[in-house]
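Q: Encoded as structure tokens, here's the structure I'll be asking about.
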Amino acid sequence: MVSTNDAAPKRVGPAPAGAWQTTPLHGPWADVSLFGRRWPGPGRPASPATVAAVGAAGVVAALSVPLDRGGAGWAATAVAGVAALIAARAVPSRHAGPASLVPWQPRALGPERFGWSAATVALLSVGTVRAAGWLFVLCVLTALLTGALAVAGGRSARGVVLAALMTPFAGMRSLPWLARGASVLRRAGGGLRVTATVGVSVALLVVFGSLFASADAAFAGLVASVVPDIDVATLARWVFVFCVAACVLGGAAFLRAAPLELSGLDGPRKRRVARLEWAIPLSLLVLLFGLFVAVQLTVLFGGSRHVLDTDGLTYAQYARSGFWQLLIVTGLTLLVLAGAARWAPRETRTDRLLIRSVLGALAVLTLVVVASALHRMNVYSGTYGLTRLRVLVALCEVWLGVVFLLVLAAGVRLRAPWLPQAVVAAGVLALLGLAAVNPDRLIADRNVTRYEQTHRIDTAYLSNLSADAVPALNRLDGPHRDCALDPINRRLDQHPDDWRGWSLGREEARDVLAKNPPAFSLTCPRPYATE
């Protein structure tokens, strides 16, 4: 996505002002830098385009990002960040210095890099349509991983992990790199011109904007909604967000200027485990899984009758006593499959047949375990209602099931360099799918439907949902509606949105509540347990 013609020659010794010395790009010397040969770093300062683009995107982030909620400002910042990295990469560098012995060309970006960039923008834009803060936090954390894959790459599991771990170091290493680029720009006189341009632009906007605002009340209201009240807290927030954004975008530009060398991590490694050393333990594990699955098939086809007919077994005990264990089993099995695929020999036809049969059987049986865990959660949520935790763990199980299907597909050829990124992509799609489903509204809708059937509802829990749940909770009537919606209505009144924090979910909730405001009640119905 980014940056400049920063070849990898290194600076040595004291250099005259404005000059940049290089060492020959050949020789028998070992790389003794902290990060070794995989990431020596760029040998030239950041280009003027990179410095300007990162600075401009940092300003957009400082003025747009609301720290206390998701909203349109996050989407605007994501778009500005991508545009800055594209500009930094597209504009050629004009650093003075001796010509390199080996011409440097930026590495071509594969189509998956653009996909990860689009996923990052989509994840950071979730807050524009959904009001659920917990969902947006998950999206931001996932966007850190997709952003690292967009700028650093990495196809193998080790490459993906290394790209994610090295991204924070890139932000720190980019600071002196950007500072050197800014000093070169300042010596060339560009810094003064940029400062003068910014100063003149701000002065013109302030003078003419003030005159227009005083001339028209509607325009004054628009300006007031866009320009925040400037105080110490606002200035501190601007400085903090600018520094964080500049560090993140500078690290992305640094990684594009000096990419991690991950190609050596993508190849197969030598297998050191003999055939029987892995086949016997995993075959026994397959037998154990087969025994468990034989029992679970009875449960799956027996449905609720199995629970009712089992002596002393309740819905809560049935789901609680097994779901978490089955979730752990699924995760551990994935680790076992990864280890076996890495270390098991596959040189002969017998080895390859053994890998496909044993690991394939284990993956298929694990899919039945996933189905059993989802069945337990469905029975439990059908009896006690949905909660955020139940939605999340069910989504996690579905994602693990998709991962095992990908593992089965990879076992056809026993070579799947696409698998690690496909696993991450499945997780990203699952999270974006959850955002599309609107989880808080789904939870409220399921619980309201259950109330209409059983006349039991936990309004105390539902009142803690986000504004996304308001259209579903509006189906309630009487004190149940007041107790569920009044706390949400008060939170919306106490925390109004400007354009930075605008969210479609909160806007729709305000429209619904404005038409029929809930009443405050001191005697809300006793909550029915959702756990």
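Every chain in the structure tokens takes a letter, A first, then B, and so on in the order presented; its residues are numbered from 1, and the ligands are numbered from 1 following the presented order.
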Any idea what's packed within 9 Å of Leu431 in chain A, counting only C-alpha atoms, ignoring anything in its chain fewer than 4 positions away? Could you give it as a PyMOL selection string?
A: chain A and resi 123+135+138-139+142+395+426-427+435-436
Q: Just write the chosen residues, N, CA and C atoms, as an mmCIF file, in the first residue's frame.
A:
data_model
loop_
_atom_site.group_PDB
_atom_site.id
_atom_site.type_symbol
_atom_site.label_atom_id
_atom_site.label_comp_id
_atom_site.auth_asym_id
_atom_site.auth_seq_id
_atom_site.Cartn_x
_atom_site.Cartn_y
_atom_site.Cartn_z
ATOM 1 N N LEU A 123 -13.719 -3.191 8.621
ATOM 2 C CA LEU A 123 -13.794 -3.418 10.069
ATOM 3 C C LEU A 123 -13.868 -2.098 10.831
ATOM 4 N N LEU A 135 -18.825 -4.892 19.996
ATOM 5 C CA LEU A 135 -18.595 -5.389 18.645
ATOM 6 C C LEU A 135 -17.540 -4.548 17.944
ATOM 7 N N LEU A 138 -13.993 -5.446 19.085
ATOM 8 C CA LEU A 138 -13.518 -6.655 18.409
ATOM 9 C C LEU A 138 -13.076 -6.343 16.981
ATOM 10 N N CYS A 139 -13.815 -5.481 16.300
ATOM 11 C CA CYS A 139 -13.458 -5.127 14.927
ATOM 12 C C CYS A 139 -12.143 -4.356 14.877
ATOM 13 N N THR A 142 -9.293 -6.802 15.419
ATOM 14 C CA THR A 142 -9.083 -7.606 14.213
ATOM 15 C C THR A 142 -8.470 -6.777 13.103
ATOM 16 N N LEU A 395 -20.506 -18.209 17.603
ATOM 17 C CA LEU A 395 -19.803 -17.764 16.406
ATOM 18 C C LEU A 395 -18.398 -18.354 16.349
ATOM 19 N N ALA A 426 -11.461 -16.243 7.129
ATOM 20 C CA ALA A 426 -12.724 -16.799 7.635
ATOM 21 C C ALA A 426 -13.144 -16.100 8.915
ATOM 22 N N GLY A 427 -12.170 -15.808 9.796
ATOM 23 C CA GLY A 427 -12.494 -15.079 11.015
ATOM 24 C C GLY A 427 -12.980 -13.674 10.740
ATOM 25 N N ALA A 435 -21.535 -8.450 12.383
ATOM 26 C CA ALA A 435 -21.951 -7.047 12.334
ATOM 27 C C ALA A 435 -23.151 -6.864 11.420
ATOM 28 N N ALA A 436 -23.183 -7.602 10.298
ATOM 29 C CA ALA A 436 -24.323 -7.498 9.387
ATOM 30 C C ALA A 436 -25.604 -8.026 10.022
#
Q: Quick one: residues within 12 Å of Ala164 in chain A, only C-alpha atoms, excluding same-chain residues fewer than 3 positions away - as a PyMOL selection string?
A: chain A and resi 141-155+157-161+167-170+252+255+260+424
Q: Using only C-alpha atoms, find the one residue out of A:Leu359, A:Ala62, A:Leu334, A:Val329 that sits nearest to Arg237 in chain A.
A: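 Checking each of A:Leu359, A:Ala62, A:Leu334, A:Val329 against Arg237 in chain A, counting only C-alpha atoms, the winner is A:Ala62.
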Q: Report as a ChimeraX atom specification all protein, DNA and RNA residues lying within 9 Å of Gly71 in chain A, evaluated on only C-alpha atoms, omitting residues in the same chain fewer than 2 positions from it.
A: /A:65-66,69,73-75,124-131,497,499-504
Q: Atoms to include: C-alpha atoms. Write the selected residues as a compact mmCIF listing (two decimals), in the first residue's frame.
A:
# COMPACT_ATOMS: atom_id res chain seq x y z
CA VAL A 65 -11.57 9.86 15.70
CA PRO A 66 -13.88 9.77 18.76
CA ARG A 69 -17.32 5.28 20.67
CA GLY A 73 -14.85 9.40 12.16
CA TRP A 74 -13.19 5.99 12.29
CA ALA A 75 -14.25 5.23 8.73
CA LEU A 124 -13.09 0.17 11.11
CA SER A 125 -16.33 1.25 9.42
CA VAL A 126 -18.54 -1.10 11.45
CA GLY A 127 -19.07 1.63 14.06
CA THR A 128 -20.73 3.76 11.40
CA VAL A 129 -23.66 1.35 11.13
CA ARG A 130 -23.68 -0.43 14.49
CA ALA A 131 -23.85 1.13 17.95
CA ASP A 497 -23.30 12.40 18.61
CA TRP A 499 -20.44 13.84 12.84
CA ARG A 500 -17.39 12.02 14.25
CA GLY A 501 -19.44 9.63 16.34
CA TRP A 502 -22.45 9.40 14.06
CA SER A 503 -23.85 5.88 13.86
CA LEU A 504 -26.81 4.59 11.90
Q: Set the distance at 6 Å and use only C-alpha atoms: which residues neighbour range 383-391 of chain A once local chain neighbours fewer than 2 positions away are removed? I'd like the list as a ChimeraX atom specification.
A: /A:380-381,393-394,443,447,530
Q: Kindly indicate which residue among A:Leu429, A:Leu400, A:Ala52, A:Ala46 lies nearest to Val368 in chain A, using only C-alpha atoms for the distances.
A: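 Checking each of A:Leu429, A:Leu400, A:Ala52, A:Ala46 against Val368 in chain A, counting only C-alpha atoms, the winner is A:Leu400.
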Q: May I ask which of the residues A:Ala56, A:Leu178, A:Ala425, A:Ala132 is the closest one to Ala467 in chain A, counting only C-alpha atoms?
A: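 That would be A:Ala132, the residue with the smallest distance to Ala467 in chain A.
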Q: Could you tell me which of A:Ala72, A:Ala422, A:Ile355, A:Ala217 comes closest to Gly505 in chain A if we count only C-alpha atoms?
A: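 Counting only C-alpha atoms, the residue closest to Gly505 in chain A is A:Ala72.
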Q: Applying 10 Å and only C-alpha atoms, which residues near Val54 in chain A remain after dropping the ones on its own chain fewer than 3 positions away? List them as a short mmCIF file (atom, residue, chain, number, x, y, z; two decimals) with N, CA and C atoms, in the first residue's frame.
A:
data_model
loop_
_atom_site.label_atom_id
_atom_site.label_comp_id
_atom_site.auth_asym_id
_atom_site.auth_seq_id
_atom_site.Cartn_x
_atom_site.Cartn_y
_atom_site.Cartn_z
N PRO A 48 9.77 12.93 0.97
CA PRO A 48 8.86 14.04 1.31
C PRO A 48 7.40 13.65 1.19
N ALA A 49 7.06 12.83 0.16
CA ALA A 49 5.67 12.40 0.01
C ALA A 49 5.22 11.58 1.19
N THR A 50 6.10 10.71 1.71
CA THR A 50 5.73 9.88 2.86
C THR A 50 5.51 10.74 4.09
N VAL A 51 6.43 11.69 4.34
CA VAL A 51 6.31 12.57 5.52
C VAL A 51 5.02 13.38 5.43
N ALA A 57 -2.59 12.48 7.14
CA ALA A 57 -3.51 11.47 7.66
C ALA A 57 -3.59 11.53 9.18
N GLY A 58 -2.47 11.87 9.84
CA GLY A 58 -2.51 12.03 11.29
C GLY A 58 -3.41 13.17 11.71
N VAL A 59 -3.39 14.26 10.94
CA VAL A 59 -4.27 15.40 11.24
C VAL A 59 -5.73 15.00 11.06
N VAL A 60 -6.03 14.28 9.98
CA VAL A 60 -7.40 13.81 9.76
C VAL A 60 -7.86 12.93 10.92
N ALA A 80 -8.60 7.80 4.94
CA ALA A 80 -7.47 8.74 4.84
C ALA A 80 -6.14 8.02 4.99
N GLY A 81 -6.08 7.01 5.89
CA GLY A 81 -4.85 6.26 6.07
C GLY A 81 -4.46 5.48 4.83
N ALA A 83 -5.40 6.15 1.75
CA ALA A 83 -5.02 7.11 0.72
C ALA A 83 -3.60 7.64 0.95
N ALA A 84 -3.24 7.85 2.22
CA ALA A 84 -1.89 8.34 2.52
C ALA A 84 -0.83 7.32 2.14
N LEU A 85 -1.07 6.06 2.43
CA LEU A 85 -0.10 5.04 2.09
C LEU A 85 0.02 4.85 0.57
N ALA A 87 -0.52 7.26 -1.65
CA ALA A 87 0.20 8.44 -2.14
C ALA A 87 1.69 8.33 -1.85
N ALA A 88 2.04 7.84 -0.67
CA ALA A 88 3.46 7.71 -0.32
C ALA A 88 4.16 6.71 -1.22
N LEU A 178 11.15 8.80 9.83
CA LEU A 178 10.36 9.96 9.42
C LEU A 178 11.05 11.26 9.82
N PHE A 242 -3.14 12.17 17.13
CA PHE A 242 -2.18 12.43 16.05
C PHE A 242 -0.92 11.59 16.23
N ALA A 245 -1.78 7.89 15.50
CA ALA A 245 -2.02 7.66 14.07
C ALA A 245 -0.74 7.79 13.27
N ALA A 246 0.10 8.79 13.59
CA ALA A 246 1.36 8.95 12.88
C ALA A 246 2.28 7.76 13.11
N CYS A 247 2.26 7.22 14.32
CA CYS A 247 3.09 6.05 14.62
C CYS A 247 2.59 4.83 13.84
N VAL A 248 1.27 4.62 13.81
CA VAL A 248 0.71 3.47 13.10
C VAL A 248 0.95 3.58 11.60
N LEU A 249 0.63 4.75 11.02
CA LEU A 249 0.81 4.92 9.58
C LEU A 249 2.28 4.99 9.20
N GLY A 250 3.09 5.60 10.07
CA GLY A 250 4.53 5.60 9.81
C GLY A 250 5.10 4.20 9.82
N GLY A 251 4.62 3.36 10.75
CA GLY A 251 5.06 1.97 10.77
C GLY A 251 4.63 1.23 9.51
N ALA A 252 3.42 1.52 9.02
CA ALA A 252 2.97 0.88 7.78
C ALA A 252 3.84 1.31 6.61
N ALA A 253 4.15 2.61 6.52
CA ALA A 253 5.02 3.09 5.45
C ALA A 253 6.42 2.49 5.58
#
